[in-house]
file data_25.pdb (PDB, C-alpha atoms and all ligand atoms)
ATOM      1  CA  MET A   7      -2.747  10.246  39.463  1.00  0.00           C
ATOM      2  CA  HIS A   8      -2.065   8.983  35.958  1.00  0.00           C
ATOM      3  CA  ARG A   9       1.525   9.807  34.913  1.00  0.00           C
ATOM      4  CA  VAL A  10       2.504  10.136  31.272  1.00  0.00           C
ATOM      5  CA  ALA A  11       5.919  10.887  29.770  1.00  0.00           C
ATOM      6  CA  VAL A  12       6.046  12.538  26.347  1.00  0.00           C
ATOM      7  CA  ILE A  13       9.438  12.345  24.619  1.00  0.00           C
ATOM      8  CA  GLY A  14       9.905  14.644  21.608  1.00  0.00           C
ATOM      9  CA  LEU A  15       8.072  17.950  21.634  1.00  0.00           C
ATOM     10  CA  GLY A  16       7.572  18.635  17.911  1.00  0.00           C
ATOM     11  CA  ARG A  17       4.118  19.812  16.791  1.00  0.00           C
ATOM     12  CA  PHE A  18       2.610  16.441  17.713  1.00  0.00           C
ATOM     13  CA  GLY A  19       4.381  15.861  21.038  1.00  0.00           C
ATOM     14  CA  LEU A  20       3.969  19.459  22.193  1.00  0.00           C
ATOM     15  CA  THR A  21       0.221  19.402  21.539  1.00  0.00           C
ATOM     16  CA  LEU A  22      -0.117  16.029  23.252  1.00  0.00           C
ATOM     17  CA  ALA A  23       1.865  17.085  26.335  1.00  0.00           C
ATOM     18  CA  SER A  24       0.069  20.443  26.724  1.00  0.00           C
ATOM     19  CA  GLN A  25      -3.410  18.967  26.291  1.00  0.00           C
ATOM     20  CA  LEU A  26      -2.699  16.137  28.743  1.00  0.00           C
ATOM     21  CA  GLY A  27      -1.347  18.636  31.277  1.00  0.00           C
ATOM     22  CA  ARG A  28      -4.389  20.898  30.887  1.00  0.00           C
ATOM     23  CA  ASN A  29      -6.606  17.839  31.421  1.00  0.00           C
ATOM     24  CA  GLY A  30      -5.072  17.155  34.822  1.00  0.00           C
ATOM     25  CA  VAL A  31      -2.651  14.378  33.851  1.00  0.00           C
ATOM     26  CA  GLU A  32       0.791  14.486  35.496  1.00  0.00           C
ATOM     27  CA  VAL A  33       3.077  14.952  32.485  1.00  0.00           C
ATOM     28  CA  LEU A  34       6.835  14.545  32.215  1.00  0.00           C
ATOM     29  CA  ALA A  35       7.745  16.359  28.969  1.00  0.00           C
ATOM     30  CA  ILE A  36      11.154  15.738  27.422  1.00  0.00           C
ATOM     31  CA  ASP A  37      13.036  17.224  24.477  1.00  0.00           C
ATOM     32  CA  ARG A  38      16.639  17.980  23.648  1.00  0.00           C
ATOM     33  CA  SER A  39      15.648  21.483  22.577  1.00  0.00           C
ATOM     34  CA  GLY A  40      15.617  24.028  25.392  1.00  0.00           C
ATOM     35  CA  ALA A  41      13.187  26.295  23.495  1.00  0.00           C
ATOM     36  CA  LEU A  42      10.570  23.511  23.247  1.00  0.00           C
ATOM     37  CA  VAL A  43      10.963  22.567  26.905  1.00  0.00           C
ATOM     38  CA  GLU A  44      10.425  26.236  27.738  1.00  0.00           C
ATOM     39  CA  ALA A  45       7.322  26.355  25.498  1.00  0.00           C
ATOM     40  CA  VAL A  46       5.588  23.487  27.329  1.00  0.00           C
ATOM     41  CA  LYS A  47       6.698  24.077  30.909  1.00  0.00           C
ATOM     42  CA  ASP A  48       3.654  26.041  32.083  1.00  0.00           C
ATOM     43  CA  ASP A  49       1.255  23.269  31.034  1.00  0.00           C
ATOM     44  CA  VAL A  50       3.017  20.237  32.491  1.00  0.00           C
ATOM     45  CA  ALA A  51       4.240  18.964  35.875  1.00  0.00           C
ATOM     46  CA  VAL A  52       7.871  18.539  34.783  1.00  0.00           C
ATOM     47  CA  ALA A  53       9.610  19.681  31.591  1.00  0.00           C
ATOM     48  CA  VAL A  54      13.211  18.595  31.092  1.00  0.00           C
ATOM     49  CA  ARG A  55      15.817  19.186  28.451  1.00  0.00           C
ATOM     50  CA  LEU A  56      17.707  15.963  27.803  1.00  0.00           C
ATOM     51  CA  ASP A  57      18.760  13.575  25.056  1.00  0.00           C
ATOM     52  CA  SER A  58      16.470  10.565  25.308  1.00  0.00           C
ATOM     53  CA  THR A  59      19.144   8.266  23.863  1.00  0.00           C
ATOM     54  CA  ASP A  60      21.044   8.818  27.111  1.00  0.00           C
ATOM     55  CA  GLU A  61      19.945   6.022  29.448  1.00  0.00           C
ATOM     56  CA  ASP A  62      21.372   7.650  32.579  1.00  0.00           C
ATOM     57  CA  ALA A  63      19.510  10.886  31.869  1.00  0.00           C
ATOM     58  CA  LEU A  64      16.193   9.010  31.517  1.00  0.00           C
ATOM     59  CA  THR A  65      16.886   6.955  34.649  1.00  0.00           C
ATOM     60  CA  ALA A  66      17.543  10.164  36.591  1.00  0.00           C
ATOM     61  CA  GLN A  67      14.007  11.302  35.681  1.00  0.00           C
ATOM     62  CA  ASP A  68      12.495   8.085  37.112  1.00  0.00           C
ATOM     63  CA  ILE A  69      11.037   7.265  33.718  1.00  0.00           C
ATOM     64  CA  ALA A  70      10.267   3.680  34.838  1.00  0.00           C
ATOM     65  CA  LYS A  71       7.628   5.036  37.224  1.00  0.00           C
ATOM     66  CA  VAL A  72       5.343   6.565  34.573  1.00  0.00           C
ATOM     67  CA  ASP A  73       2.174   4.701  33.578  1.00  0.00           C
ATOM     68  CA  VAL A  74       2.603   5.472  29.882  1.00  0.00           C
ATOM     69  CA  CYS A  75       5.564   6.709  27.842  1.00  0.00           C
ATOM     70  CA  VAL A  76       4.819   8.221  24.428  1.00  0.00           C
ATOM     71  CA  ILE A  77       7.820   8.416  22.119  1.00  0.00           C
ATOM     72  CA  ALA A  78       6.654  11.241  19.881  1.00  0.00           C
ATOM     73  CA  ILE A  79       9.895  11.801  17.958  1.00  0.00           C
ATOM     74  CA  GLY A  80       9.051  11.918  14.248  1.00  0.00           C
ATOM     75  CA  GLU A  81      11.760  12.233  11.596  1.00  0.00           C
ATOM     76  CA  ASN A  82      14.669  11.073  13.728  1.00  0.00           C
ATOM     77  CA  PHE A  83      14.057   7.325  13.476  1.00  0.00           C
ATOM     78  CA  GLU A  84      17.374   6.333  15.001  1.00  0.00           C
ATOM     79  CA  ALA A  85      16.729   8.419  18.134  1.00  0.00           C
ATOM     80  CA  SER A  86      13.227   6.958  18.339  1.00  0.00           C
ATOM     81  CA  LEU A  87      14.554   3.388  18.107  1.00  0.00           C
ATOM     82  CA  LEU A  88      17.212   3.920  20.757  1.00  0.00           C
ATOM     83  CA  THR A  89      14.736   5.641  23.064  1.00  0.00           C
ATOM     84  CA  THR A  90      12.227   2.800  22.683  1.00  0.00           C
ATOM     85  CA  THR A  91      14.919   0.218  23.433  1.00  0.00           C
ATOM     86  CA  ILE A  92      16.004   2.117  26.555  1.00  0.00           C
ATOM     87  CA  VAL A  93      12.517   2.714  28.016  1.00  0.00           C
ATOM     88  CA  LYS A  94      11.636  -0.934  27.360  1.00  0.00           C
ATOM     89  CA  LYS A  95      14.815  -2.030  29.158  1.00  0.00           C
ATOM     90  CA  LEU A  96      14.047   0.296  32.076  1.00  0.00           C
ATOM     91  CA  GLY A  97      10.667  -1.415  32.507  1.00  0.00           C
ATOM     92  CA  VAL A  98       8.159   1.260  31.474  1.00  0.00           C
ATOM     93  CA  LYS A  99       4.687  -0.345  31.743  1.00  0.00           C
ATOM     94  CA  HIS A 100       3.111   0.927  28.551  1.00  0.00           C
ATOM     95  CA  ILE A 101       5.049   2.277  25.571  1.00  0.00           C
ATOM     96  CA  VAL A 102       3.399   4.164  22.719  1.00  0.00           C
ATOM     97  CA  CYS A 103       5.559   4.796  19.642  1.00  0.00           C
ATOM     98  CA  ARG A 104       4.933   7.253  16.853  1.00  0.00           C
ATOM     99  CA  ALA A 105       5.818   5.671  13.499  1.00  0.00           C
ATOM    100  CA  GLN A 106       6.302   7.379  10.147  1.00  0.00           C
ATOM    101  CA  THR A 107       5.879   4.269   7.972  1.00  0.00           C
ATOM    102  CA  ALA A 108       4.443   0.756   8.178  1.00  0.00           C
ATOM    103  CA  ILE A 109       7.978  -0.712   8.300  1.00  0.00           C
ATOM    104  CA  HIS A 110       8.891   1.552  11.202  1.00  0.00           C
ATOM    105  CA  ALA A 111       5.675   0.478  12.941  1.00  0.00           C
ATOM    106  CA  GLU A 112       6.664  -3.183  12.537  1.00  0.00           C
ATOM    107  CA  ILE A 113      10.128  -2.508  13.974  1.00  0.00           C
ATOM    108  CA  PHE A 114       8.659  -0.700  17.008  1.00  0.00           C
ATOM    109  CA  ARG A 115       6.280  -3.620  17.540  1.00  0.00           C
ATOM    110  CA  ARG A 116       9.198  -6.078  17.502  1.00  0.00           C
ATOM    111  CA  LEU A 117      11.078  -3.905  19.994  1.00  0.00           C
ATOM    112  CA  GLY A 118       8.161  -4.316  22.387  1.00  0.00           C
ATOM    113  CA  ALA A 119       6.041  -1.180  21.895  1.00  0.00           C
ATOM    114  CA  ASP A 120       2.539  -1.742  23.298  1.00  0.00           C
ATOM    115  CA  GLU A 121       0.850   0.700  20.936  1.00  0.00           C
ATOM    116  CA  ILE A 122       1.875   2.260  17.624  1.00  0.00           C
ATOM    117  CA  ILE A 123       0.398   5.449  16.268  1.00  0.00           C
ATOM    118  CA  GLN A 124       0.783   6.922  12.797  1.00  0.00           C
ATOM    119  CA  PRO A 125      -0.872  10.334  13.211  1.00  0.00           C
ATOM    120  CA  GLU A 126      -0.492  11.456   9.578  1.00  0.00           C
ATOM    121  CA  THR A 127      -1.909   8.194   8.172  1.00  0.00           C
ATOM    122  CA  GLN A 128      -4.668   8.064  10.781  1.00  0.00           C
ATOM    123  CA  ALA A 129      -5.664  11.700  10.154  1.00  0.00           C
ATOM    124  CA  GLY A 130      -5.734  10.995   6.390  1.00  0.00           C
ATOM    125  CA  GLU A 131      -7.929   7.919   6.871  1.00  0.00           C
ATOM    126  CA  GLU A 132     -10.262   9.803   9.180  1.00  0.00           C
ATOM    127  CA  LEU A 133     -10.654  12.698   6.740  1.00  0.00           C
ATOM    128  CA  ALA A 134     -11.241  10.288   3.812  1.00  0.00           C
ATOM    129  CA  ARG A 135     -13.911   8.461   5.818  1.00  0.00           C
ATOM    130  CA  LYS A 136     -15.648  11.756   6.660  1.00  0.00           C
ATOM    131  CA  LEU A 137     -15.542  13.084   3.089  1.00  0.00           C
ATOM    132  CA  ALA A 138     -16.711   9.752   1.629  1.00  0.00           C
ATOM    133  CA  ASN A 139     -19.601   9.468   4.128  1.00  0.00           C
ATOM    134  CA  PRO A 140     -20.872  13.012   4.683  1.00  0.00           C
ATOM    135  CA  HIS A 141     -24.083  11.642   6.260  1.00  0.00           C
ATOM    136  CA  LEU A 142     -21.996  10.260   9.148  1.00  0.00           C
ATOM    137  CA  GLU A 143     -21.604  12.809  11.914  1.00  0.00           C
ATOM    138  CA  ASP A 144     -19.245  10.682  13.982  1.00  0.00           C
ATOM    139  CA  THR A 145     -17.932   7.120  14.365  1.00  0.00           C
ATOM    140  CA  ILE A 146     -16.446   5.292  17.330  1.00  0.00           C
ATOM    141  CA  ARG A 147     -14.802   1.961  16.568  1.00  0.00           C
ATOM    142  CA  LEU A 148     -15.811  -0.558  19.238  1.00  0.00           C
ATOM    143  CA  GLY A 149     -13.460  -3.244  17.881  1.00  0.00           C
ATOM    144  CA  ASP A 150     -14.034  -6.573  16.178  1.00  0.00           C
ATOM    145  CA  GLY A 151     -15.974  -5.067  13.261  1.00  0.00           C
ATOM    146  CA  TYR A 152     -18.488  -3.173  15.426  1.00  0.00           C
ATOM    147  CA  SER A 153     -18.968   0.600  15.604  1.00  0.00           C
ATOM    148  CA  LEU A 154     -21.123   3.266  17.151  1.00  0.00           C
ATOM    149  CA  ILE A 155     -22.146   5.913  14.632  1.00  0.00           C
ATOM    150  CA  GLU A 156     -24.021   9.183  14.610  1.00  0.00           C
ATOM    151  CA  LEU A 157     -26.135   9.237  11.458  1.00  0.00           C
ATOM    152  CA  ARG A 158     -28.107  12.211  10.184  1.00  0.00           C
ATOM    153  CA  VAL A 159     -31.677  10.935   9.698  1.00  0.00           C
ATOM    154  CA  PRO A 160     -32.017   9.563   6.131  1.00  0.00           C
ATOM    155  CA  LYS A 161     -34.931  10.908   4.049  1.00  0.00           C
ATOM    156  CA  ALA A 162     -36.455   7.417   3.932  1.00  0.00           C
ATOM    157  CA  PHE A 163     -36.891   7.481   7.721  1.00  0.00           C
ATOM    158  CA  LEU A 164     -38.531  10.922   7.981  1.00  0.00           C
ATOM    159  CA  GLY A 165     -42.039  11.016   9.459  1.00  0.00           C
ATOM    160  CA  LYS A 166     -41.831   7.373  10.531  1.00  0.00           C
ATOM    161  CA  SER A 167     -41.891   6.120  14.100  1.00  0.00           C
ATOM    162  CA  LEU A 168     -39.123   3.907  15.479  1.00  0.00           C
ATOM    163  CA  GLU A 169     -41.723   1.168  15.831  1.00  0.00           C
ATOM    164  CA  GLN A 170     -42.511   1.370  12.097  1.00  0.00           C
ATOM    165  CA  LEU A 171     -38.842   1.478  11.146  1.00  0.00           C
ATOM    166  CA  ASN A 172     -38.054  -1.613  13.232  1.00  0.00           C
ATOM    167  CA  LEU A 173     -34.321  -0.968  12.813  1.00  0.00           C
ATOM    168  CA  ARG A 174     -33.194  -3.991  14.810  1.00  0.00           C
ATOM    169  CA  VAL A 175     -35.115  -6.454  12.639  1.00  0.00           C
ATOM    170  CA  LYS A 176     -34.795  -4.703   9.254  1.00  0.00           C
ATOM    171  CA  TYR A 177     -31.182  -3.516   9.513  1.00  0.00           C
ATOM    172  CA  GLN A 178     -29.708  -5.474  12.487  1.00  0.00           C
ATOM    173  CA  VAL A 179     -28.681  -2.247  14.242  1.00  0.00           C
ATOM    174  CA  ASN A 180     -29.633  -0.845  17.639  1.00  0.00           C
ATOM    175  CA  LEU A 181     -30.675   2.749  18.211  1.00  0.00           C
ATOM    176  CA  VAL A 182     -29.149   3.756  21.543  1.00  0.00           C
ATOM    177  CA  ALA A 183     -30.066   7.451  21.602  1.00  0.00           C
ATOM    178  CA  LEU A 184     -31.545  10.277  19.569  1.00  0.00           C
ATOM    179  CA  LYS A 185     -30.149  13.802  19.258  1.00  0.00           C
ATOM    180  CA  ARG A 186     -32.743  16.431  18.436  1.00  0.00           C
ATOM    181  CA  ASN A 187     -32.484  20.173  17.945  1.00  0.00           C
ATOM    182  CA  SER A 188     -35.467  21.749  19.665  1.00  0.00           C
ATOM    183  CA  PRO A 189     -36.978  24.606  17.616  1.00  0.00           C
ATOM    184  CA  PRO A 190     -35.691  28.037  18.725  1.00  0.00           C
ATOM    185  CA  GLN A 191     -38.028  29.801  21.174  1.00  0.00           C
ATOM    186  CA  SER A 192     -38.496  33.571  20.936  1.00  0.00           C
ATOM    187  CA  GLY A 193     -35.265  35.166  22.115  1.00  0.00           C
ATOM    188  CA  SER A 194     -33.386  31.851  22.579  1.00  0.00           C
ATOM    189  CA  VAL A 195     -31.458  29.565  20.245  1.00  0.00           C
ATOM    190  CA  GLY A 196     -32.619  25.959  19.629  1.00  0.00           C
ATOM    191  CA  LEU A 197     -30.829  23.511  21.937  1.00  0.00           C
ATOM    192  CA  GLU A 198     -29.649  20.050  21.055  1.00  0.00           C
ATOM    193  CA  ARG A 199     -30.863  17.422  23.485  1.00  0.00           C
ATOM    194  CA  ILE A 200     -29.973  13.750  23.603  1.00  0.00           C
ATOM    195  CA  TYR A 201     -32.301  11.081  24.963  1.00  0.00           C
ATOM    196  CA  VAL A 202     -33.381   7.457  24.671  1.00  0.00           C
ATOM    197  CA  PRO A 203     -36.561   7.612  22.595  1.00  0.00           C
ATOM    198  CA  LEU A 204     -39.699   5.506  23.046  1.00  0.00           C
ATOM    199  CA  PRO A 205     -40.913   3.261  20.192  1.00  0.00           C
ATOM    200  CA  GLY A 206     -43.630   5.784  19.223  1.00  0.00           C
ATOM    201  CA  GLU A 207     -41.105   8.597  18.572  1.00  0.00           C
ATOM    202  CA  VAL A 208     -41.491   9.998  15.044  1.00  0.00           C
ATOM    203  CA  LEU A 209     -38.263  11.061  13.319  1.00  0.00           C
ATOM    204  CA  GLN A 210     -37.906  14.696  12.274  1.00  0.00           C
ATOM    205  CA  PRO A 211     -35.560  16.530   9.897  1.00  0.00           C
ATOM    206  CA  ASN A 212     -32.154  17.261  11.495  1.00  0.00           C
ATOM    207  CA  ASP A 213     -32.469  14.371  13.983  1.00  0.00           C
ATOM    208  CA  ILE A 214     -29.231  12.485  14.570  1.00  0.00           C
ATOM    209  CA  LEU A 215     -29.502   8.752  15.235  1.00  0.00           C
ATOM    210  CA  VAL A 216     -26.920   7.190  17.550  1.00  0.00           C
ATOM    211  CA  LEU A 217     -26.640   3.591  16.372  1.00  0.00           C
ATOM    212  CA  VAL A 218     -24.590   0.505  17.216  1.00  0.00           C
ATOM    213  CA  GLY A 219     -24.072  -2.446  14.916  1.00  0.00           C
ATOM    214  CA  SER A 220     -21.639  -4.406  12.811  1.00  0.00           C
ATOM    215  CA  ASP A 221     -19.831  -2.312  10.199  1.00  0.00           C
ATOM    216  CA  ALA A 222     -21.541  -4.337   7.454  1.00  0.00           C
ATOM    217  CA  ALA A 223     -25.027  -3.719   8.902  1.00  0.00           C
ATOM    218  CA  LEU A 224     -24.314  -0.001   9.431  1.00  0.00           C
ATOM    219  CA  ALA A 225     -23.101   0.314   5.825  1.00  0.00           C
ATOM    220  CA  ASP A 226     -26.457  -1.075   4.623  1.00  0.00           C
ATOM    221  CA  LEU A 227     -28.472   1.768   6.187  1.00  0.00           C
ATOM    222  CA  PRO A 228     -29.999   4.249   3.709  1.00  0.00           C
ATOM    223  CA  LYS A 229     -27.590   7.150   3.237  1.00  0.00           C
ATOM    224  CA  GLU A 230     -29.788   9.875   1.800  1.00  0.00           C
TER     225      GLU A 230
HETATM  226  P1  LIG B   1       6.441  16.961  14.416  1.00  0.00           P
HETATM  227  O1  LIG B   1       5.858  16.423  13.139  1.00  0.00           O
HETATM  228  O2  LIG B   1       5.740  16.468  15.662  1.00  0.00           O
HETATM  229  O3  LIG B   1       6.649  18.450  14.411  1.00  0.00           O
HETATM  230  P2  LIG B   1       9.003  16.236  13.456  1.00  0.00           P
HETATM  231  O4  LIG B   1       8.941  14.928  12.737  1.00  0.00           O
HETATM  232  O5  LIG B   1       9.011  17.453  12.588  1.00  0.00           O
HETATM  233  O6  LIG B   1       7.880  16.298  14.545  1.00  0.00           O
HETATM  234  P3  LIG B   1      11.483  15.506  14.761  1.00  0.00           P
HETATM  235  O7  LIG B   1      12.674  16.336  14.454  1.00  0.00           O
HETATM  236  O8  LIG B   1      11.543  14.152  14.226  1.00  0.00           O
HETATM  237  O9  LIG B   1      10.263  16.377  14.385  1.00  0.00           O
HETATM  238  O10 LIG B   1      11.306  15.301  16.327  1.00  0.00           O
HETATM  239  C1  LIG B   1      10.311  15.848  17.141  1.00  0.00           C
HETATM  240  C2  LIG B   1      10.960  16.365  18.392  1.00  0.00           C
HETATM  241  O11 LIG B   1      11.732  15.337  18.996  1.00  0.00           O
HETATM  242  C3  LIG B   1      11.901  17.543  18.151  1.00  0.00           C
HETATM  243  O12 LIG B   1      11.471  18.626  18.964  1.00  0.00           O
HETATM  244  C4  LIG B   1      13.269  17.038  18.556  1.00  0.00           C
HETATM  245  O13 LIG B   1      14.020  18.028  19.236  1.00  0.00           O
HETATM  246  C5  LIG B   1      12.902  15.904  19.505  1.00  0.00           C
HETATM  247  N1  LIG B   1      13.968  14.913  19.553  1.00  0.00           N
HETATM  248  C6  LIG B   1      14.522  14.254  18.503  1.00  0.00           C
HETATM  249  N2  LIG B   1      15.501  13.426  18.933  1.00  0.00           N
HETATM  250  C7  LIG B   1      15.542  13.568  20.286  1.00  0.00           C
HETATM  251  C8  LIG B   1      16.350  12.990  21.325  1.00  0.00           C
HETATM  252  N3  LIG B   1      17.308  12.087  21.070  1.00  0.00           N
HETATM  253  N4  LIG B   1      16.119  13.370  22.604  1.00  0.00           N
HETATM  254  C9  LIG B   1      15.146  14.269  22.905  1.00  0.00           C
HETATM  255  N5  LIG B   1      14.375  14.855  21.971  1.00  0.00           N
HETATM  256  C10 LIG B   1      14.563  14.499  20.680  1.00  0.00           C
END

call {"tool": "encode", "arguments": {"input": "data_25.pdb", "output": "structure tokens"}}
result
Amino acid sequence: MHRVAVIGLGRFGLTLASQLGRNGVEVLAIDRSGALVEAVKDDVAVAVRLDSTDEDALTAQDIAKVDVCVIAIGENFEASLLTTTIVKKLGVKHIVCRAQTAIHAEIFRRLGADEIIQPETQAGEELARKLANPHLEDTIRLGDGYSLIELRVPKAFLGKSLEQLNLRVKYQVNLVALKRNSPPQSGSVGLERIYVPLPGEVLQPNDILVLVGSDAALADLPKE
């Protein structure tokens, strides 16, 4: 089973550890506060109160054997740095560090962190993207300038078949699936279904197009 250590059980670390535990991951949750260790203990495999800047204490928990170690300490940069240095030295395979600033992120990278997260910045960017593009239902970054998006059907596409729209040629994007709300039947609520449509499918109001393409090509799609 996948084993993950979460060090620092503030709002971020506590949520991460509990959700991982509830999703069947074997979690080792660590904090120097007894109250926080108590708060998470029912959701995780092991919850321990210790100071993560104490190398012997981490060694005693077999930290080197986890698949991933997330250092979720926030404000206390010094503790985060020392902890990263220790888990790196102990040979943890994959280290994820939570950084508060870009400079901190750079320092964690130089210490050998495999992944850096900046939850506040990332949440801000995500919210800005959503508010600036309300027609986008969802986006998954595929890397290298490519994304998968869920786009509410633009007015310009309504009543047209996929064959007529010819999205691949006109916009250089691929439609991979269509989400459609079926009209409510008497006594039942309309259900959303997702399927791969045929070329003759005519787009209806409230359809959601699941599209893949370069970010530039996706940005060129009609928005309204
Ligand atoms: P959040 O935003 O997630 O609530 P925060 O930035 O407010 O976090 P911090 O005080 O930086 O909180 O740290 C998060 C958690 O990390 C706290 O619960 C704190 O007890 C724990 N922590 C800090 N230093 C250590 C350490 N050396 N060993 C173990 N736990 C630590």

call {"tool": "resolve_selection", "arguments": {"input": "data_25.pdb", "expression": "the PyMOL selection byres (((chain A and resi 87-103) around 10) and not hetatm)", "output": "ChimeraX atom specification"}}
result
/A:10-13,57-62,64-65,68-80,82-86,104-106,110-111,113-115,117-124

call {"tool": "closest_residue", "arguments": {"input": "data_25.pdb", "among": "A:Asp213, A:Asp221, A:Glu112, A:Glu126", "to": "Arg17 in chain A", "atoms": "all atoms listed in the file"}}
result
A:Glu126

call {"tool": "resolve_selection", "arguments": {"input": "data_25.pdb", "expression": "the PyMOL selection byres (((chain A and resi 184) around 9) and not hetatm)", "output": "ChimeraX atom specification"}}
result
/A:181-183,185-186,199-203,213-217

call {"tool": "residues_near_point", "arguments": {"input": "data_25.pdb", "point": "(-22.3, 9.6, 10.7)", "cutoff": "6 Å", "atoms": "only C-alpha atoms", "output": "PDB file with C-alpha atoms, in the frame of the given file"}}
result
ATOM      1  CA  HIS A 141     -24.083  11.642   6.260  1.00  0.00           C
ATOM      2  CA  LEU A 142     -21.996  10.260   9.148  1.00  0.00           C
ATOM      3  CA  GLU A 143     -21.604  12.809  11.914  1.00  0.00           C
ATOM      4  CA  ASP A 144     -19.245  10.682  13.982  1.00  0.00           C
ATOM      5  CA  ILE A 155     -22.146   5.913  14.632  1.00  0.00           C
ATOM      6  CA  GLU A 156     -24.021   9.183  14.610  1.00  0.00           C
ATOM      7  CA  LEU A 157     -26.135   9.237  11.458  1.00  0.00           C
TER       8      LEU A 157
END

call {"tool": "atom_distance", "arguments": {"input": "data_25.pdb", "atom1": "atom N4 of ligand LIG 1 (chain B)", "atom2": "CA of Arg38 in chain A"}}
result
4.8 Å

call {"tool": "residues_around", "arguments": {"input": "data_25.pdb", "residues": "Gly30 in chain A", "least_positions_apart": "5", "cutoff": "12 Å", "atoms": "all atoms listed in the file", "output": "list in words"}}
result
Met7, His8, Arg9, Val10, Ala23, Ser24, Gln25, Asp49, Val50 and Ala51 of chain A

call {"tool": "decode", "arguments": {"input": "data_25.pdb", "residues": "range 60-73 of chain A", "atoms": "N, CA, C and O atoms", "output": "PDB file, in the first residue's frame"}}
result
ATOM      1  N   ASP A  60      14.070  16.788  15.071  1.00  0.00           N
ATOM      2  CA  ASP A  60      14.822  15.800  15.853  1.00  0.00           C
ATOM      3  C   ASP A  60      15.013  14.550  14.976  1.00  0.00           C
ATOM      4  O   ASP A  60      14.082  13.762  14.773  1.00  0.00           O
ATOM      5  N   GLU A  61      16.235  14.401  14.474  1.00  0.00           N
ATOM      6  CA  GLU A  61      16.520  13.314  13.524  1.00  0.00           C
ATOM      7  C   GLU A  61      16.250  11.934  14.122  1.00  0.00           C
ATOM      8  O   GLU A  61      15.697  11.048  13.463  1.00  0.00           O
ATOM      9  N   ASP A  62      16.632  11.749  15.387  1.00  0.00           N
ATOM     10  CA  ASP A  62      16.440  10.440  16.019  1.00  0.00           C
ATOM     11  C   ASP A  62      14.960  10.091  16.121  1.00  0.00           C
ATOM     12  O   ASP A  62      14.557   8.936  15.915  1.00  0.00           O
ATOM     13  N   ALA A  63      14.147  11.119  16.419  1.00  0.00           N
ATOM     14  CA  ALA A  63      12.702  10.872  16.551  1.00  0.00           C
ATOM     15  C   ALA A  63      12.121  10.449  15.203  1.00  0.00           C
ATOM     16  O   ALA A  63      11.295   9.520  15.124  1.00  0.00           O
ATOM     17  N   LEU A  64      12.552  11.084  14.122  1.00  0.00           N
ATOM     18  CA  LEU A  64      12.052  10.712  12.783  1.00  0.00           C
ATOM     19  C   LEU A  64      12.549   9.324  12.385  1.00  0.00           C
ATOM     20  O   LEU A  64      11.807   8.528  11.811  1.00  0.00           O
ATOM     21  N   THR A  65      13.804   9.033  12.714  1.00  0.00           N
ATOM     22  CA  THR A  65      14.368   7.713  12.390  1.00  0.00           C
ATOM     23  C   THR A  65      13.581   6.621  13.115  1.00  0.00           C
ATOM     24  O   THR A  65      13.282   5.572  12.542  1.00  0.00           O
ATOM     25  N   ALA A  66      13.212   6.897  14.359  1.00  0.00           N
ATOM     26  CA  ALA A  66      12.471   5.904  15.152  1.00  0.00           C
ATOM     27  C   ALA A  66      11.108   5.590  14.525  1.00  0.00           C
ATOM     28  O   ALA A  66      10.548   4.525  14.756  1.00  0.00           O
ATOM     29  N   GLN A  67      10.588   6.507  13.715  1.00  0.00           N
ATOM     30  CA  GLN A  67       9.296   6.274  13.052  1.00  0.00           C
ATOM     31  C   GLN A  67       9.478   5.638  11.673  1.00  0.00           C
ATOM     32  O   GLN A  67       8.531   5.541  10.898  1.00  0.00           O
ATOM     33  N   ASP A  68      10.702   5.247  11.336  1.00  0.00           N
ATOM     34  CA  ASP A  68      10.978   4.619  10.033  1.00  0.00           C
ATOM     35  C   ASP A  68      10.572   5.513   8.868  1.00  0.00           C
ATOM     36  O   ASP A  68      10.029   5.027   7.867  1.00  0.00           O
ATOM     37  N   ILE A  69      10.838   6.798   9.006  1.00  0.00           N
ATOM     38  CA  ILE A  69      10.389   7.751   7.993  1.00  0.00           C
ATOM     39  C   ILE A  69      10.956   7.426   6.606  1.00  0.00           C
ATOM     40  O   ILE A  69      10.318   7.683   5.582  1.00  0.00           O
ATOM     41  N   ALA A  70      12.149   6.810   6.566  1.00  0.00           N
ATOM     42  CA  ALA A  70      12.791   6.515   5.273  1.00  0.00           C
ATOM     43  C   ALA A  70      11.977   5.524   4.450  1.00  0.00           C
ATOM     44  O   ALA A  70      12.157   5.415   3.243  1.00  0.00           O
ATOM     45  N   LYS A  71      11.054   4.803   5.119  1.00  0.00           N
ATOM     46  CA  LYS A  71      10.312   3.762   4.393  1.00  0.00           C
ATOM     47  C   LYS A  71       9.041   4.274   3.714  1.00  0.00           C
ATOM     48  O   LYS A  71       8.369   3.523   3.012  1.00  0.00           O
ATOM     49  N   VAL A  72       8.684   5.561   3.937  1.00  0.00           N
ATOM     50  CA  VAL A  72       7.454   6.043   3.291  1.00  0.00           C
ATOM     51  C   VAL A  72       7.733   6.296   1.802  1.00  0.00           C
ATOM     52  O   VAL A  72       8.874   6.491   1.395  1.00  0.00           O
ATOM     53  N   ASP A  73       6.658   6.270   1.009  1.00  0.00           N
ATOM     54  CA  ASP A  73       6.828   6.541  -0.433  1.00  0.00           C
ATOM     55  C   ASP A  73       6.937   8.043  -0.678  1.00  0.00           C
ATOM     56  O   ASP A  73       7.647   8.487  -1.567  1.00  0.00           O
TER      57      ASP A  73
END
